[in-house]
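Chemist: Here you go, one structure.
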Amino acid sequence: MRLTDASVAIRPRSPWEALDLGVLLARQHAGLLMASWAVVTLPLFALLCLLLWDYPGWAIFAFWWLKPAYERLPLHILARALFGDTPSLRQAIKALPGLLRPQLLASLTWRRLSPTRSFDLPVLQLEGLSGQARSQRLVVLSQREAGAASWLTVVGMHLEIALWLGLASLFYLLLPTQIELNWNWQSLVNAAAGEWLWLEHLSNLLYVLVLIVWEPVYVACGFTLYLNRRTALEGWDIELVFRQLRQRLTGVAYALLLGCGLLLLQAPTAVMAAEIGGRSLPVEDAIGPEAARLLKQPLSSQAAQHSIEQLLDQPPFEHRETVTRWRFGEQEQAAELSEEQLTGLLELIEKLFKLAEFWNSIEGVALFFEALLWAAMLGLVALLIWRYRQWLGAFAGRLGLPQRATTPPGSQLFGLEVAPQSLPADVAGAAEQLWAEQPRAALGLLYRALLSRLLHDYRLPLNSAHTESEVLNLVQGLEQSELSSFSQALTLHWQNLAYGHRLPPDDLRQALCQGWRRLFDGGAHP
């Protein structure tokens with residue numbers, strides 16, 4: 001790695017400026033990064049969809065969990081492109097198997113949900129560290145940039161969701177009107193299992209297309225955060241300045257060496273002239289102030305010493321003390337402080353004893369709060385039982401528990417007469433006779449009879465406040481698939497007729513009447 005070959009300016013930046021640099025770097029190599037990501041991920045997504053066609057949720061989850069494996073290829077491309085050695089698409093794909101070998105299992109297990117994944121990846125892939133060395137290196141690098149890396153992951157997650165929703169909305173807007181008219185939420189909810197799997201896989205494909213655009217940017221931003229931290233720690237900018245100075249001074253160095261050589265040639269001549277024409281200086285006595293030449297001065301060293309001693313005997317230097325043992329300077333100060341504040345220390349100790357007595361007496365308060373918490377928990381349990389009393393009453397009989405006597409069900413529900421005596425003996429036959437001339441009355445008779453059966457035979461706690469959807473939820477709780485399917489189909493067509501004034505098709509008559517006879521006239525009900 002040669003810093004002089006870097007395609008960006010090497011200098012310390014703030015974390016947010018480093019993120020901007022990552023976006024610019026990803027945009028500069030956007031074609032290669034997006035193409036390499038698509039070549040790797042799209043075939044893998046297609047394979048997962050084929051293997052898990054009946055489980056589209058698991059297919060997209062497996063694809064999402066493998067994201068750390070895909071991110072190694074964009075980092076390899078960016079690391080080489082930063083120093084002027086941009087690989088081709090073929091070279092990048094060829095290097096992928098070697099990039100996946102180091103610590104792939106760790107990246108896909110306990111490190112998978114790390115919020116600093118993009119910032120930690122260069123330590124593993126570019127520096128080749130693992131184990132304790134990797135942990136120590138990350139501790140040093142994460143002292144400043146870890147927060148920005150975590151925010152990058154959080155913002156990136158929300159950005160992926162926003163882009164995916166945008167693509168899904170665009171796809172819906174581009175649908176032809178003829179296809180859109182046949183879609184409604186009821187058909188999506190009540191459709192048979194497997195009928196709309198293609199729509200779920202299409203939605204997953206939109207998410208995969210979003211990652212082709214966003215993931216190279218995510219990897220590039222983590223890479224520039226890593227470079228910015230190393231620049232600050234290792235002084236890359238200072239090293240670059242010295243290298244530039246060396247290049248500038250390379251041409252001048254030869255002239256300086258030649259001048260120094262000429263000066264060295266003239267130095268011996270000057271020394272010889274000084275020895276011949278000059279005279280050596282006398283060497284002074286090394287005694288210092290005790291030398292005889294200093295004693296002959298107007299102010300001798302003895303007089304100066306006497307003057308210094310007189311000055312030290314006057315304030316503020318008159319305090320003298322002779323110490324005959326070793327001690328630390330702080331000990332004396334601490335001793336003096338403890339003597340001056342001895343009374344305060346005794347008062348503090350007395351307060352601590354009083355505080356201990358207070359905590360001993362507070363046990364009663366703790367018992368009071370404990371009893372208060374138990375009462376709150378019991379009240380919460382009682383509130384939950386009261387809130388779901390109807391549900392518990394409906395299923396108490398199935399569990400073999402004794403039930404209290406319940407009030408008899410009413411004769412009307414949703415404004416419809418649901419008493420058994422108000423219905424004909426052969427409900428299906430009567431509906432078939434009415435269907436030719438009055439299909440609305442025939443469908444209403446079947447729906448009214450269904451509510452009567454659910455209320456009187458199955459003992460469902462229905463009331464006028466329930467909606468059609470809530471009734472279907474209670475029917476599903478009975479865990480009878482045939483009854484649940486019949487109720488959903490009948491309720492759907494009843495809603496279309498009651499609210500949308502859409503008449504049911506003629507071929508529906510036979511299906512509903514046969515379903516009624518199979519469920520109720522054949523003895524399937526309790």
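Residues in the structure tokens are named by chain (A, B, ... in the order shown) and by number from 1 within that chain; ligands are numbered from 1 in the order shown.
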Write out as a PyMOL selection string each polymer residue whose atoms come within 12 Å of Thr116 of chain A, counting only C-alpha atoms; drop sequence neighbours fewer than 5 positions from it.
Modeler: chain A and resi 68+111+121-123+138+141-142+145-154+156+218-219+221-223+225-226
Chemist: Near Leu66 of chain A, counting only C-alpha atoms, which residues have an atom at most 10 Å away, once you skip same-chain residues fewer than 5 positions from it, shown as a PyMOL selection string?
Modeler: chain A and resi 41+61+71+104+107-108+112
Chemist: According to DSSP computed on the backbone, where in segment 363-524 of chain A is there helix (DSSP H, G or I)? Give the residues as a ChimeraX atom specification.
Modeler: /A:363-387,389-396,420-422,427-435,439-457,468-476,481-498,508-521
Chemist: Using only C-alpha atoms, can you tell me which of A:Ala375, A:Leu508, A:Ala92, A:Leu227 comes closest to Leu443 of chain A?
Modeler: A:Leu508
Chemist: Report as a compact mmCIF listing (two decimals) with C-alpha atoms, in the first residue's frame all protein, DNA and RNA residues lying within 12 Å of Tyr207 of chain A, evaluated on only C-alpha atoms, omitting residues in the same chain fewer than 6 positions from it.
Modeler:
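File written: around.txt
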# COMPACT_ATOMS: atom_id res chain seq x y z
CA THR A 41 -26.66 -12.26 -5.31
CA LEU A 42 -29.26 -12.66 -8.05
CA PHE A 45 -31.71 -15.55 -4.66
CA ILE A 60 -35.77 -13.91 1.89
CA PHE A 61 -34.64 -14.46 5.49
CA PHE A 63 -30.82 -14.32 1.68
CA TRP A 64 -30.77 -11.47 4.23
CA MET A 157 -31.83 -0.49 7.74
CA LEU A 159 -33.38 3.30 4.17
CA GLU A 160 -33.67 -0.26 2.84
CA ILE A 161 -37.27 -0.46 4.09
CA ALA A 162 -38.14 2.94 2.61
CA LEU A 163 -36.68 2.06 -0.80
CA TRP A 164 -38.42 -1.32 -0.79
CA LEU A 165 -41.79 0.30 -0.01
CA GLY A 166 -41.15 2.85 -2.75
CA LEU A 167 -40.46 0.17 -5.35
CA ALA A 168 -43.54 -1.78 -4.26
CA GLU A 200 -44.56 -12.65 -2.22
CA HIS A 201 -41.56 -13.74 -4.29
CA VAL A 213 -27.97 -0.07 -5.04
CA TRP A 214 -27.57 0.40 -1.28
CA GLU A 215 -25.17 -2.30 -0.05
Chemist: Could you tell me how far atom CA of Val8 of chain A sits from atom CA of Arg90 of chain A, in Å to one decimal place?
Modeler: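 Between atom CA of Arg90 of chain A and atom CA of Val8 of chain A the gap is 25.1 Å.
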Chemist: Could you pull the residues within 10 Å of Glu432 of chain A, counting only C-alpha atoms, minus those fewer than 3 positions along the same chain, as a ChimeraX atom specification?
Modeler: /A:427-429,435-439,442-443,509-510,512-513
Chemist: Using only N, CA and C atoms, please write the residues we just selected to a file, as a CSV table (one decimal), in the first residue's frame.
Modeler:
chain,number,residue,atom,x,y,z
A,427,VAL,N,-82.9,-26.0,5.5
A,427,VAL,CA,-82.4,-24.7,5.2
A,427,VAL,C,-81.8,-24.7,3.8
A,428,ALA,N,-81.1,-25.8,3.4
A,428,ALA,CA,-80.5,-25.8,2.1
A,428,ALA,C,-81.6,-25.9,1.0
A,429,GLY,N,-82.6,-26.7,1.2
A,429,GLY,CA,-83.7,-26.8,0.2
A,429,GLY,C,-84.4,-25.5,0.0
A,435,TRP,N,-83.2,-19.1,-4.6
A,435,TRP,CA,-82.1,-18.6,-5.3
A,435,TRP,C,-82.5,-18.1,-6.7
A,436,ALA,N,-83.4,-18.8,-7.3
A,436,ALA,CA,-83.7,-18.5,-8.7
A,436,ALA,C,-84.3,-17.1,-8.8
A,437,GLU,N,-85.2,-16.8,-7.9
A,437,GLU,CA,-85.9,-15.5,-8.0
A,437,GLU,C,-85.4,-14.4,-7.0
A,438,GLN,N,-85.0,-14.9,-5.8
A,438,GLN,CA,-84.5,-14.0,-4.8
A,438,GLN,C,-83.2,-14.5,-4.2
A,439,PRO,N,-82.1,-14.3,-5.0
A,439,PRO,CA,-80.7,-14.7,-4.5
A,439,PRO,C,-80.3,-14.0,-3.2
A,442,ALA,N,-82.0,-15.8,-0.4
A,442,ALA,CA,-81.4,-17.1,-0.2
A,442,ALA,C,-80.1,-17.1,0.5
A,443,LEU,N,-79.3,-16.1,0.1
A,443,LEU,CA,-77.9,-16.0,0.8
A,443,LEU,C,-78.1,-15.5,2.2
A,509,ARG,N,-74.5,-21.4,-5.8
A,509,ARG,CA,-75.7,-22.0,-5.1
A,509,ARG,C,-75.4,-23.4,-4.7
A,510,GLN,N,-75.0,-24.2,-5.7
A,510,GLN,CA,-74.8,-25.7,-5.4
A,510,GLN,C,-73.7,-25.9,-4.4
A,512,LEU,N,-72.6,-23.9,-1.9
A,512,LEU,CA,-73.0,-23.5,-0.6
A,512,LEU,C,-74.0,-24.5,0.0
A,513,CYS,N,-75.0,-24.9,-0.8
A,513,CYS,CA,-76.0,-25.8,-0.3
A,513,CYS,C,-75.4,-27.1,0.0
Chemist: Excluding segment 444-449 of chain A and its own-chain neighbours fewer than 6 positions away, which residues fall within 12 Å of it when counting only C-alpha atoms? Please give them as a ChimeraX atom specification.
Modeler: /A:411-435,438,455-457,468,471,486-498,503-504,509,512-517,520
